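Down below is the structure, laid out as structure tokens.
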Amino acid sequence: MTKWRATVRVWLKPSVFDPQGHAVLQALASLGHDGVEQVRIGKSIELTVAADNRDEAEAKVRRACEELLCNPVMETYAVHVEEGAQ
Amino acid sequence: MTKWRATVRVWLKPSVFDPQGHAVLQALASLGHDGVEQVRIGKSIELTVAADNRDEAEAKVRRACEELLCNPVMETYAVHVEEGAQ
Amino acid sequence: MRWAVIVFPGSNCDEDAALAIDRVLGDPVDLVWHDRSDLSAYDAIILPGGFSYGDYLRSGAIARFAPAIAGVRAAVQRGALVLGICNGFQVLTEAGLLPGALLVNDHLQFRCELAELRVENAETPFTLDYAPGARIRIPIAHRDGRYHADAATLSQLQRERRAVLRYVQNPNGSAQDIAAVLGANGRILGLMPHPERAVAEWMRSTDGARMFTSMHRYVEQQGASLAASAEGVGRLG
Amino acid sequence: MAEVRVQTKAAAGTSGQPTPQEIREQRRYLELGLTEAEYERVCERLGRLPNYVEAGLFGVLWSEHCSYKSSKIHLRKFPTSGPQVLQGPGENAGVVDVGGGLAVAFKMESHNHPSAVEPYQGAATGVGGILRDVFTMGARPIAFLDSLRFGPLTDDRTRYLFANVVAGIGGYGNCVGIPTVGGETVFDESYRHNPLVNAMCVGVLEADKMAKGAARGVGNPVFVVGARTGRDGIHGATFASAEDPTEKERSAVQVGDPFLGKLLMEACLELIATGAVVGIQDMGAAGLTSSSAEMAARAGGGLELDLDRVPVREEGMTPYEMMLSESQERMLVVMEKGREELAFSILCKWGLEVAEIGRVTGDGRLRLRFAGEVVADVPVAALVDEAPVYDRPADAKYVQPGLTVAKPEPAAGDADAWAQYLLTLLAHPSIADKRWVYRQYDTSVRTATQVGPGSDAAVVRLPGAERAVALATDGNGRYVYLNPRRGGAIAVAEAARNLVASGAKPLAITDCLNFGNPEKPAVMRQFIDAVEGMAEACRALDTPVVSGNVSFYNESQGQDIFPTPVVGALGVIEDLAHVTESAFCTADSAIVLVGPIDSALDGSLFWQLLAGQPAGDAPPLDLALERRVQDLVQSLIRTGRVRSAHDVSDGGLAVALTEMAIAGGVGAEVTLPVTPRDALERAGLLFSEAQSRILLEVDGASAEVIVQEAAQAGVPALVLGKTGGDAVIIGGDDGVWLTLPLASARAAYEGALPQAMRAPSARGEADA
Ligand SMILES: Nc1ncnc2c1ncn2[C@@H]1O[C@H](COP(=O)(O)OP(=O)(O)O)[C@@H](O)[C@H]1O
Ligand SMILES: [Mg+2]
């Protein structure tokens with residue numbers, strides 16, 4: 001089996017208020033970082049997965065997302081898989 | 001000025017223990033997700049930035065990372081910038 | 001009637017809940033380890049506050065897989081009452097037993113204070129002993145207490161009077177000031193405030209006690225105790 | 001016994017490490033924290049050159065943080081015994097008998113340097129560490145307190161540090177389900193670059209069931225329990241002792257895992273309750289090194305550890321790294337031989353990892369094996385008991401810096417001007433309402449907090465008993481800076497007074513001694529004098545020191561902090577009816593001042609604000625009077641005539657009175673029986689921080705009787721006025737001095753911290 005390195009990004013659906021992003025945006029503005037117009041903060045989850053091929057690795061990661069890593073009530077996710085452990 | 005869409009990933013340096021990732025790894029294992037061998041959890045921050053060019057956009061984002069988004073004592077970050085608002 | 005308080009490794013209000021049952025009602029109450037799925041002996045089950053599994057990913061995300069949650073599902077089918085307090089509420093939403101989700105407070109801080117609540121529906125098994133529209137005071141203590149649900153769900157909750165308690169002053173950004181949500185079958189209640197912390201004068205409020213007396217009265221009114229029949233079946237089998 | 005040959009050549013896991021000869025020739029011992037003289041001493045004691053692992057062991061155990069080498073001889077001056085003391089200093093926490101068959105274990109610890117670098121995690125791991133110290137004694141933790149010092153909140157980075165420290169304390173404490181019930185928060189320029197984060201934990205146990213950190217019983221197995229050992233925090237102990245934290249090993253920053261901390265707590269308490277635990281200790285600073293060496297030293301025996309069996313998080317860890325790792329949430333446990341299975345089943349239930357890594361020996365040596373070789377073999381006594389002790393040079397006499405500051409004189413203004421002074425004090429972040437802080441803490445979990453933050457002391461009910469403990473922390477760096485001896489005494493007196501005002505009898509204290517660089521003779525003088533002052537007060541008030549912690553090198557850019565001993569005090573309330581709070585209860589009560597009327601502004605915040613620096617001496621203190629005041633108020637409260645009580649501290653009488661009024665939502669009108677000579681004296685009467693004073697709210701009929709009883713007890717006391725109305729009105733024989741509507745007072749007092757924290761905070765740069 002090969003090792004795959006998967007990156008899952010999980011973020012709040014656009015309709016859900018993201019207070020963390022909002023706070024960072026405000027802080028940046030008042031610290032004089034102009035030009036930053038929108039901030040949203042999500043999670044970035046890096047997994048090392050053993051699988052025979054990329055598809056299998058991705059399927060495993062998606063299963064983990066569906067079951068645990070992401071709550072569809074308020075979140076969406078995206079998966080990116082590449083070869084090699086971290 | 002153009003709009004740029006920046007994605008910042010912030011994660012704990014490899015030498016720093018990540019209890020969050022550890023807890024998720026254990027949960028996945030006990031839920032029978034075999035093949036997942038390592039999990040580390042960081043932040044994924046999406047910013048919309050107004051800047052004249054990519055370099056300027058990236059410089060702005062890096063400044064935000066240094067001053068606010070990342071604590072170099074325990075975290076590292078990576079910035080990716082592309083054209084277009086989110 | 002007989003109560004169970006489910007204990008996850010990171011529960012920390014389990015003993016408080018059991019103590020409150022004892023203080024207020026004197027009913028028998030068991031602390032039940034999360035790996036047990038047979039909860040047939042109980043008329044009411046409390047999922048207590050705390051940080052079930054550390055709650056690093058999302059509050060309640062991991063706890064929903066515990067055998068005890070399967071037991072809770074079965075108990076609900078059977079007609080038992082389920083009360084999810086704080087983390088218990090979070091677990092119930094993650095498990096899909098209650099609609100919506102609890103997100104980080106809009107001010108991003110943990111908040112512990114005595115909260116004023118309005119009883120929006122005094123005809124549930126959990127609120128029988130409150131006067132309709134009563135203002136009560138019960139402490140909150142949470143960081144992830146911002147109730148979120150999509151618009152359709154919110155209007156359904158409104159229509160069916162399932163937003164049982166609302167904050168008088170919203171402390172966390174919850175949609176429609178919702179502090180407590182009733183399940184569709186009327187036998188599950190999830191709430192962020194901690195009724196077990198408001199059952200004695202010296203705690204600064206006794207308003208939480210009536211939630212437990214309500215549940216007790218409801219179960220007693222159901223006639224023959226469910227536990228007795230369940231145990232009866234057990235003995236036969 | 002066969003001679004053990006210690007590996008001296010490069011062997012498994014040691015490649016790249018200097019040989020014993022290289023350590024000597026290249027003076028590599030310096031980077032391990034040993035001075036040349038200390039290194040020579042190690043060689044002499046071993047009778048050979050130490051290898052790298054051995055030198056590392058000595059380096060950490062002889063560090064200031066572990067060995068207390070600069071403070072030891074002075075700490076001996078503390079009284080540490082008394083009939084109430086079940087365990088004094090030397091164990092993981094002190095233990096005091098609180099009656100009813102119960103005992104209380106408590107200790108305070110600093111996490112200043114880590115918090116300056118990574119405030120959230122630094123504070124969180126500080127809380128985790130002190131938690132382990134307490135449950136290690138077999139005590140069920142029931143409360144945390146936190147004592148904080150920061151620079152002014154006008155500074156971006158200070159706001160960042162403050163916000164994150166508070167979040168970190170809550171983050172850990174809330175998750176493990178122990179209420180944080182009190183503490184203090186002080187802001188002063190002197191802490192700008194070196195904030196102080198001191199955490200205290202309190203636990204309860206049955207008086208005859210204390211656990212200890214001694215590795216007894218030759219042949220008994222030794223276990224590590226909890227988190228795996230990683231490379232994190234190597235050199236944390238030396239880091240805490242080093243001058244410039246941020247430039248030191250940054251890997252010393254740890255991420256706390258409160259969930260694991262909670263599992264460890266539950267599992268260890270369950271384990272200890274079986275009676276099969278011979279000795280147990282948490283792995284704090286210097287990890288496996290200090291826990292194993294200290295446990296062996298307490299038993300007067302030895303330990304043999306097989307490092308191949310230590311569960312590690314990363315591959316290729318060397319013995320040196322395993323011994324020095326400061327990975328959090330680990331315990332070292334010695335079990336009774338033959339009862340290991342018990343441990344396994346309990347730890348398994350809590351999902352914790354456990355590994356048997358060695359056994360107790362009788363030869364007094366700490367012997368480490370790795371990859372089939374002995375990688376260290378040193379006498380335990382040399383590591384622990386024979387650590388160097390320094391009588392560091394101290395200035396002959398302390399030059400009191402405030403005596404040469406011109407005494408600032410307030411302008412003789414009208415009543416509005418005086419009300420404005422009072423408002424300014426109320427809005428000073430050190431005095432202002434701390435709700436912004438403690439509403440982020442779970443204060444009521446465990447449903448035993450009868451009085452949480454906001455009163456003089458917290459009151460926590462003891463399980464299964466109709467009694468409670470009162471808890472408070474206190475320490476005023478400004479006073480100690482102005483007069484170390486008296487300032488030290490005041491810290492103890494004020495902490496005890498806060499307990500008394502809450503209805504408790506003070507029993508004992510713990511402390512955290514936060515000082516600057518002990519290699520400076522002026523700092524050493526501060527330290528010695530402060531310790532002596534504290535010791536004196538402890539004797540006068542019968543509150544022995546049962547545990548504590550010293551934090552030196554609190555300096556930055558050559559600038560030392562105010563010397564800041566912080567006292568954590570424990571008292572008992574034997575009848576819950578005597579619990580007393582500082583909020584006025586009702587209108588038409590009489591207000592009685594117990595203790596002297598004084599107008600000395602020495603050391604007051606009022607003068608500091610006017611002069612821009614601390615001025616004068618420390619506030620007056622007479623320990624004999626203090627004792628009488630405290631005894632009197634205790635007995636008055638027991639007669640049931642006291643409705644509320646509040647000690648006079650920062651901001652003086654005017655602030656104390658206003659705090660009672662704001663908290664109770666009831667105004668007050670008082671008249672002092674004096675006609676001040678001038679504005680200075682009037683300011684003094686209002687804002688003096690003279691000690692040994694407590695305001696009481698009593699029913700009108702008892703007031704005069706109480707004054708007479710006070711006179712009989714040799715305590716000055718006066719009926720000042722009564723409660724009621726919606727303003728605080730203070731005057732003297734010459735008329736009303738100031739009138740402050742309660743609403744304005746409340747706005748200033750409650751608004752200050754939230755307003756200051758509304759501005760954004762930047763991580764900024766840590767001090768270079
Ligand atoms: N960091 C903190 N954590 C918890 N409680 C705090 C903190 N800072 C202050 N408090 C609480 O606020 C109240 C006022 O504190 P303080 O002014 O230091 O009291 P005192 O002057 O009586 O010692 C106390 O009840 C104290 O416990
Ligand atoms: Mg006080």
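Here, A, B, ... name the chains of the structure tokens in the order displayed, residue numbers run from 1 inside each chain, and ligands are numbered from 1 in the same displayed order.
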Could you name the residues that touch segment 120-125 of chain C at 6 Å or less, counting only C-alpha atoms, but leaving out those on the same chain fewer than 3 positions away, as a short mmCIF file (atom, residue, chain, number, x, y, z; two decimals) with C-alpha atoms, in the first residue's frame?
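Saved file part30.cif follows:
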```cif
data_model
loop_
_atom_site.label_atom_id
_atom_site.label_comp_id
_atom_site.auth_asym_id
_atom_site.auth_seq_id
_atom_site.Cartn_x
_atom_site.Cartn_y
_atom_site.Cartn_z
CA LEU C 128 -45.07 21.38 33.23
CA TYR C 130 -43.41 26.39 35.14
CA PRO C 132 -46.45 29.83 30.84
CA GLY C 133 -44.32 32.82 29.91
CA VAL C 164 -39.21 25.79 24.70
CA LEU C 165 -36.93 28.35 26.38
CA MET C 215 -40.22 15.39 34.36
CA TYR C 218 -44.97 13.64 33.77
#
```
For Val16 of chain B, please output as a VMD selection string all residues within 10 Å (counting only C-alpha atoms; exclusion window: fewer than 6 positions along the same chain). (chain B and resid 73 to 75) or (chain D and resid 230 to 233 251 to 255 327)
Writing out the chosen residues with all heavy atoms as a short mmCIF file (atom, residue, chain, number, x, y, z; two decimals), in the first residue's frame:
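Produced file part.cif, reproduced below:
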```cif
data_model
loop_
_atom_site.label_atom_id
_atom_site.label_comp_id
_atom_site.auth_asym_id
_atom_site.auth_seq_id
_atom_site.Cartn_x
_atom_site.Cartn_y
_atom_site.Cartn_z
N VAL B 73 5.96 30.95 17.38
CA VAL B 73 6.54 30.14 18.42
C VAL B 73 6.12 28.68 18.27
O VAL B 73 6.86 27.76 18.57
CB VAL B 73 6.11 30.68 19.80
CG1 VAL B 73 6.50 29.72 20.90
CG2 VAL B 73 6.73 32.02 20.03
N MET B 74 4.91 28.49 17.78
CA MET B 74 4.44 27.11 17.68
C MET B 74 3.77 26.78 16.35
O MET B 74 3.47 25.64 16.10
CB MET B 74 3.46 26.82 18.81
CG MET B 74 2.30 27.77 18.81
SD MET B 74 1.33 27.72 20.30
CE MET B 74 0.69 26.10 20.18
N GLU B 75 3.56 27.81 15.56
CA GLU B 75 2.84 27.56 14.31
C GLU B 75 3.67 27.95 13.08
O GLU B 75 4.59 28.75 13.18
CB GLU B 75 1.54 28.38 14.29
CG GLU B 75 0.53 27.93 15.33
CD GLU B 75 -0.66 28.88 15.46
OE1 GLU B 75 -0.48 30.10 15.29
OE2 GLU B 75 -1.76 28.39 15.74
N GLY D 230 7.18 13.02 23.85
CA GLY D 230 7.64 13.58 22.58
C GLY D 230 8.83 14.48 22.82
O GLY D 230 9.34 14.58 23.94
N ARG D 231 9.23 15.18 21.78
CA ARG D 231 10.42 16.02 21.94
C ARG D 231 10.07 17.40 22.50
O ARG D 231 10.94 18.25 22.62
CB ARG D 231 11.11 16.20 20.60
CG ARG D 231 11.82 14.94 20.15
CD ARG D 231 12.91 15.25 19.11
NE ARG D 231 13.71 14.07 18.83
CZ ARG D 231 13.40 13.17 17.91
NH1 ARG D 231 12.32 13.32 17.18
NH2 ARG D 231 14.16 12.12 17.72
N ASP D 232 8.81 17.59 22.82
CA ASP D 232 8.45 18.96 23.19
C ASP D 232 8.96 19.35 24.58
O ASP D 232 9.06 18.53 25.48
CB ASP D 232 6.94 19.21 23.09
CG ASP D 232 6.11 18.03 23.52
OD1 ASP D 232 6.70 17.08 24.07
OD2 ASP D 232 4.90 18.06 23.32
N GLY D 233 9.23 20.62 24.67
CA GLY D 233 9.56 21.18 25.97
C GLY D 233 10.91 20.81 26.51
O GLY D 233 11.19 21.00 27.68
N SER D 251 10.99 25.53 21.46
CA SER D 251 10.27 24.26 21.49
C SER D 251 9.72 24.00 22.89
O SER D 251 8.99 23.06 23.11
CB SER D 251 11.17 23.12 21.09
OG SER D 251 12.14 22.91 22.09
N ALA D 252 10.09 24.83 23.83
CA ALA D 252 9.59 24.64 25.18
C ALA D 252 8.09 24.94 25.26
O ALA D 252 7.46 24.67 26.26
CB ALA D 252 10.34 25.52 26.16
N VAL D 253 7.52 25.49 24.21
CA VAL D 253 6.08 25.74 24.23
C VAL D 253 5.32 24.43 24.06
O VAL D 253 5.64 23.60 23.22
CB VAL D 253 5.69 26.72 23.10
CG1 VAL D 253 4.17 26.82 23.02
CG2 VAL D 253 6.30 28.06 23.37
N GLN D 254 4.32 24.26 24.90
CA GLN D 254 3.55 23.03 24.92
C GLN D 254 2.11 23.34 24.55
O GLN D 254 1.61 24.40 24.86
CB GLN D 254 3.48 22.50 26.35
CG GLN D 254 4.79 22.39 27.01
CD GLN D 254 5.47 21.15 26.57
OE1 GLN D 254 4.84 20.11 26.51
NE2 GLN D 254 6.71 21.28 26.22
N VAL D 255 1.46 22.35 24.00
CA VAL D 255 0.02 22.46 23.80
C VAL D 255 -0.64 21.58 24.85
O VAL D 255 -0.32 20.40 24.97
CB VAL D 255 -0.38 22.02 22.39
CG1 VAL D 255 -1.89 22.00 22.24
CG2 VAL D 255 0.24 22.97 21.37
N SER D 327 6.71 16.75 27.78
CA SER D 327 5.38 16.46 27.26
C SER D 327 4.39 16.48 28.41
O SER D 327 4.67 15.97 29.49
CB SER D 327 5.36 15.07 26.60
OG SER D 327 6.13 15.08 25.43
#
```
Chain A contacts on chain D, only C-alpha atoms, 9 Å, as a ChimeraX atom specification: /D:759-762
Within 10 Å of ligand 2, counting only C-alpha atoms and all ligand atoms, which protein or nucleic acid residues do you find, written as a PyMOL selection string? chain D and resi 184+454-457+472-474+494-502+582+645-650+656+659+694
Could you write those residues out with N, CA, C and O atoms, as an mmCIF file, in the first residue's frame?
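File produced: again.cif:
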```cif
data_model
loop_
_atom_site.group_PDB
_atom_site.id
_atom_site.type_symbol
_atom_site.label_atom_id
_atom_site.label_comp_id
_atom_site.auth_asym_id
_atom_site.auth_seq_id
_atom_site.Cartn_x
_atom_site.Cartn_y
_atom_site.Cartn_z
ATOM 1 N N GLU D 184 -6.880 37.266 41.137
ATOM 2 C CA GLU D 184 -6.719 38.710 41.079
ATOM 3 C C GLU D 184 -6.096 39.066 39.744
ATOM 4 O O GLU D 184 -5.454 38.238 39.100
ATOM 5 N N GLY D 454 -15.776 37.826 42.810
ATOM 6 C CA GLY D 454 -16.497 39.078 42.975
ATOM 7 C C GLY D 454 -16.618 39.506 44.418
ATOM 8 O O GLY D 454 -16.925 40.656 44.696
ATOM 9 N N SER D 455 -16.371 38.604 45.341
ATOM 10 C CA SER D 455 -16.404 38.976 46.744
ATOM 11 C C SER D 455 -14.970 38.927 47.286
ATOM 12 O O SER D 455 -14.027 38.789 46.516
ATOM 13 N N ASP D 456 -14.779 39.051 48.585
ATOM 14 C CA ASP D 456 -13.405 39.069 49.091
ATOM 15 C C ASP D 456 -12.711 37.727 48.924
ATOM 16 O O ASP D 456 -11.552 37.652 48.555
ATOM 17 N N ALA D 457 -13.424 36.663 49.247
ATOM 18 C CA ALA D 457 -12.857 35.324 49.062
ATOM 19 C C ALA D 457 -13.939 34.460 48.457
ATOM 20 O O ALA D 457 -15.123 34.726 48.606
ATOM 21 N N ALA D 472 -8.574 32.684 48.756
ATOM 22 C CA ALA D 472 -8.265 33.997 48.183
ATOM 23 C C ALA D 472 -6.803 34.038 47.774
ATOM 24 O O ALA D 472 -5.971 33.315 48.340
ATOM 25 N N THR D 473 -6.505 34.849 46.773
ATOM 26 C CA THR D 473 -5.094 35.122 46.468
ATOM 27 C C THR D 473 -4.854 36.614 46.611
ATOM 28 O O THR D 473 -5.736 37.421 46.329
ATOM 29 N N ASP D 474 -3.690 36.972 47.071
ATOM 30 C CA ASP D 474 -3.339 38.377 47.226
ATOM 31 C C ASP D 474 -1.840 38.582 47.146
ATOM 32 O O ASP D 474 -1.063 37.716 47.520
ATOM 33 N N GLU D 494 -3.271 40.464 54.041
ATOM 34 C CA GLU D 494 -4.431 40.803 53.237
ATOM 35 C C GLU D 494 -5.165 39.558 52.752
ATOM 36 O O GLU D 494 -6.400 39.517 52.731
ATOM 37 N N ALA D 495 -4.395 38.541 52.396
ATOM 38 C CA ALA D 495 -5.038 37.295 51.961
ATOM 39 C C ALA D 495 -5.865 36.721 53.109
ATOM 40 O O ALA D 495 -7.025 36.333 52.939
ATOM 41 N N ALA D 496 -5.272 36.696 54.292
ATOM 42 C CA ALA D 496 -5.982 36.157 55.454
ATOM 43 C C ALA D 496 -7.201 37.023 55.773
ATOM 44 O O ALA D 496 -8.275 36.521 56.113
ATOM 45 N N ARG D 497 -7.040 38.330 55.661
ATOM 46 C CA ARG D 497 -8.138 39.246 55.956
ATOM 47 C C ARG D 497 -9.318 39.015 55.007
ATOM 48 O O ARG D 497 -10.477 39.112 55.407
ATOM 49 N N ASN D 498 -9.012 38.710 53.751
ATOM 50 C CA ASN D 498 -10.081 38.417 52.809
ATOM 51 C C ASN D 498 -10.857 37.167 53.225
ATOM 52 O O ASN D 498 -12.073 37.096 53.049
ATOM 53 N N LEU D 499 -10.159 36.192 53.784
ATOM 54 C CA LEU D 499 -10.840 34.987 54.268
ATOM 55 C C LEU D 499 -11.741 35.347 55.443
ATOM 56 O O LEU D 499 -12.904 34.940 55.520
ATOM 57 N N VAL D 500 -11.168 36.135 56.353
ATOM 58 C CA VAL D 500 -11.911 36.503 57.563
ATOM 59 C C VAL D 500 -13.178 37.268 57.204
ATOM 60 O O VAL D 500 -14.255 37.006 57.745
ATOM 61 N N ALA D 501 -13.051 38.190 56.246
ATOM 62 C CA ALA D 501 -14.212 38.987 55.851
ATOM 63 C C ALA D 501 -15.290 38.114 55.209
ATOM 64 O O ALA D 501 -16.435 38.530 55.086
ATOM 65 N N SER D 502 -14.924 36.915 54.813
ATOM 66 C CA SER D 502 -15.900 36.009 54.211
ATOM 67 C C SER D 502 -16.473 35.022 55.218
ATOM 68 O O SER D 502 -17.245 34.146 54.852
ATOM 69 N N SER D 582 -19.385 40.508 50.308
ATOM 70 C CA SER D 582 -18.989 41.906 50.434
ATOM 71 C C SER D 582 -20.034 42.869 49.866
ATOM 72 O O SER D 582 -19.805 44.068 49.844
ATOM 73 N N ALA D 645 -19.374 42.152 54.731
ATOM 74 C CA ALA D 645 -18.070 42.629 55.194
ATOM 75 C C ALA D 645 -17.139 42.747 54.001
ATOM 76 O O ALA D 645 -17.222 41.960 53.055
ATOM 77 N N HIS D 646 -16.254 43.717 54.042
ATOM 78 C CA HIS D 646 -15.313 43.916 52.934
ATOM 79 C C HIS D 646 -14.060 44.554 53.496
ATOM 80 O O HIS D 646 -14.130 45.521 54.246
ATOM 81 N N ASP D 647 -12.920 43.996 53.138
ATOM 82 C CA ASP D 647 -11.680 44.590 53.646
ATOM 83 C C ASP D 647 -11.316 45.812 52.817
ATOM 84 O O ASP D 647 -11.692 45.929 51.651
ATOM 85 N N VAL D 648 -10.605 46.715 53.449
ATOM 86 C CA VAL D 648 -10.160 47.935 52.767
ATOM 87 C C VAL D 648 -8.812 47.640 52.128
ATOM 88 O O VAL D 648 -7.858 47.311 52.830
ATOM 89 N N SER D 649 -8.741 47.713 50.803
ATOM 90 C CA SER D 649 -7.444 47.472 50.152
ATOM 91 C C SER D 649 -7.210 48.526 49.086
ATOM 92 O O SER D 649 -7.366 49.715 49.374
ATOM 93 N N ASP D 650 -6.846 48.145 47.877
ATOM 94 C CA ASP D 650 -6.548 49.124 46.821
ATOM 95 C C ASP D 650 -7.629 50.195 46.712
ATOM 96 O O ASP D 650 -8.805 49.880 46.587
ATOM 97 N N ALA D 656 -13.561 50.858 48.846
ATOM 98 C CA ALA D 656 -14.160 49.680 49.503
ATOM 99 C C ALA D 656 -15.656 49.902 49.717
ATOM 100 O O ALA D 656 -16.475 49.025 49.435
ATOM 101 N N GLU D 659 -17.489 49.782 46.409
ATOM 102 C CA GLU D 659 -17.593 48.406 45.904
ATOM 103 C C GLU D 659 -18.747 47.663 46.581
ATOM 104 O O GLU D 659 -19.502 46.937 45.939
ATOM 105 N N ILE D 694 -11.493 46.591 58.076
ATOM 106 C CA ILE D 694 -12.608 45.871 57.468
ATOM 107 C C ILE D 694 -13.888 46.667 57.696
ATOM 108 O O ILE D 694 -14.150 47.125 58.817
#
```
For chain C against chain B, with a cut-off of 12 Å and counting only C-alpha atoms, what is the closest atom pair and its distance in Å to one decimal for every residue that makes the cut, ordered by chain and number, as a Markdown table?
```
| residue | atom | partner | partner_atom | distance |
| --- | --- | --- | --- | --- |
| C:Ser52 | CA | B:Ala23 | CA | 11.6 |
| C:Tyr53 | CA | B:Ala23 | CA | 7.9 |
| C:Gly54 | CA | B:Ala23 | CA | 7.8 |
| C:Asp55 | CA | B:Gln20 | CA | 8.6 |
| C:Tyr56 | CA | B:Gln20 | CA | 5.3 |
| C:Leu57 | CA | B:Gln20 | CA | 6.6 |
| C:Arg58 | CA | B:Gln20 | CA | 10.2 |
| C:Ala61 | CA | B:Ala27 | CA | 9.7 |
| C:Ile62 | CA | B:Ala27 | CA | 6.7 |
| C:Ala63 | CA | B:Ala27 | CA | 9.5 |
| C:Arg64 | CA | B:Ala27 | CA | 11.1 |
| C:Phe65 | CA | B:Leu31 | CA | 8.0 |
| C:Ala66 | CA | B:Leu31 | CA | 10.1 |
| C:Pro67 | CA | B:Leu31 | CA | 11.8 |
```
Show which residues sit within 10 Å of Gly35 of chain A, as a compact mmCIF listing (two decimals) with N, CA, C and O atoms, in the first residue's frame. Count only C-alpha atoms, and ignore same-chain residues fewer than 6 positions away.
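To be explicit, this is the file written out as out_10.txt:
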```txt
# COMPACT_ATOMS: atom_id res chain seq x y z
N LEU A 28 -7.88 43.28 11.88
CA LEU A 28 -6.95 43.69 10.83
C LEU A 28 -7.21 45.13 10.42
O LEU A 28 -6.28 45.92 10.26
N ALA A 29 -8.49 45.47 10.30
CA ALA A 29 -8.83 46.83 9.89
C ALA A 29 -8.30 47.83 10.91
O ALA A 29 -7.63 48.80 10.56
N MET B 1 -7.73 48.75 -8.53
CA MET B 1 -7.19 47.61 -7.76
C MET B 1 -7.98 46.35 -8.06
O MET B 1 -9.18 46.38 -8.26
N LYS B 3 -9.13 42.37 -7.06
CA LYS B 3 -9.41 41.55 -5.87
C LYS B 3 -8.62 40.26 -5.97
O LYS B 3 -8.56 39.63 -7.04
N TRP B 4 -8.08 39.88 -4.85
CA TRP B 4 -7.34 38.63 -4.79
C TRP B 4 -7.94 37.76 -3.71
O TRP B 4 -8.44 38.24 -2.70
N THR B 48 -10.24 37.89 1.25
CA THR B 48 -10.34 38.62 0.00
C THR B 48 -9.55 39.92 0.20
O THR B 48 -9.77 40.64 1.17
N VAL B 49 -8.63 40.16 -0.72
CA VAL B 49 -7.71 41.29 -0.55
C VAL B 49 -7.73 42.15 -1.81
O VAL B 49 -7.72 41.62 -2.92
N ALA B 50 -7.76 43.45 -1.60
CA ALA B 50 -7.65 44.36 -2.75
C ALA B 50 -6.20 44.79 -2.87
O ALA B 50 -5.61 45.26 -1.90
N ALA B 51 -5.63 44.61 -4.04
CA ALA B 51 -4.23 44.99 -4.23
C ALA B 51 -3.97 45.17 -5.71
O ALA B 51 -4.69 44.65 -6.56
N ALA B 57 -0.61 41.75 -2.94
CA ALA B 57 -1.63 41.00 -2.20
C ALA B 57 -0.97 40.02 -1.24
O ALA B 57 -1.31 39.95 -0.06
N LYS B 60 0.56 41.71 1.72
CA LYS B 60 -0.45 42.11 2.72
C LYS B 60 -0.86 40.93 3.59
O LYS B 60 -0.99 41.04 4.81
N VAL B 61 -1.08 39.82 2.93
CA VAL B 61 -1.53 38.65 3.67
C VAL B 61 -0.42 38.17 4.63
O VAL B 61 -0.68 37.82 5.78
```
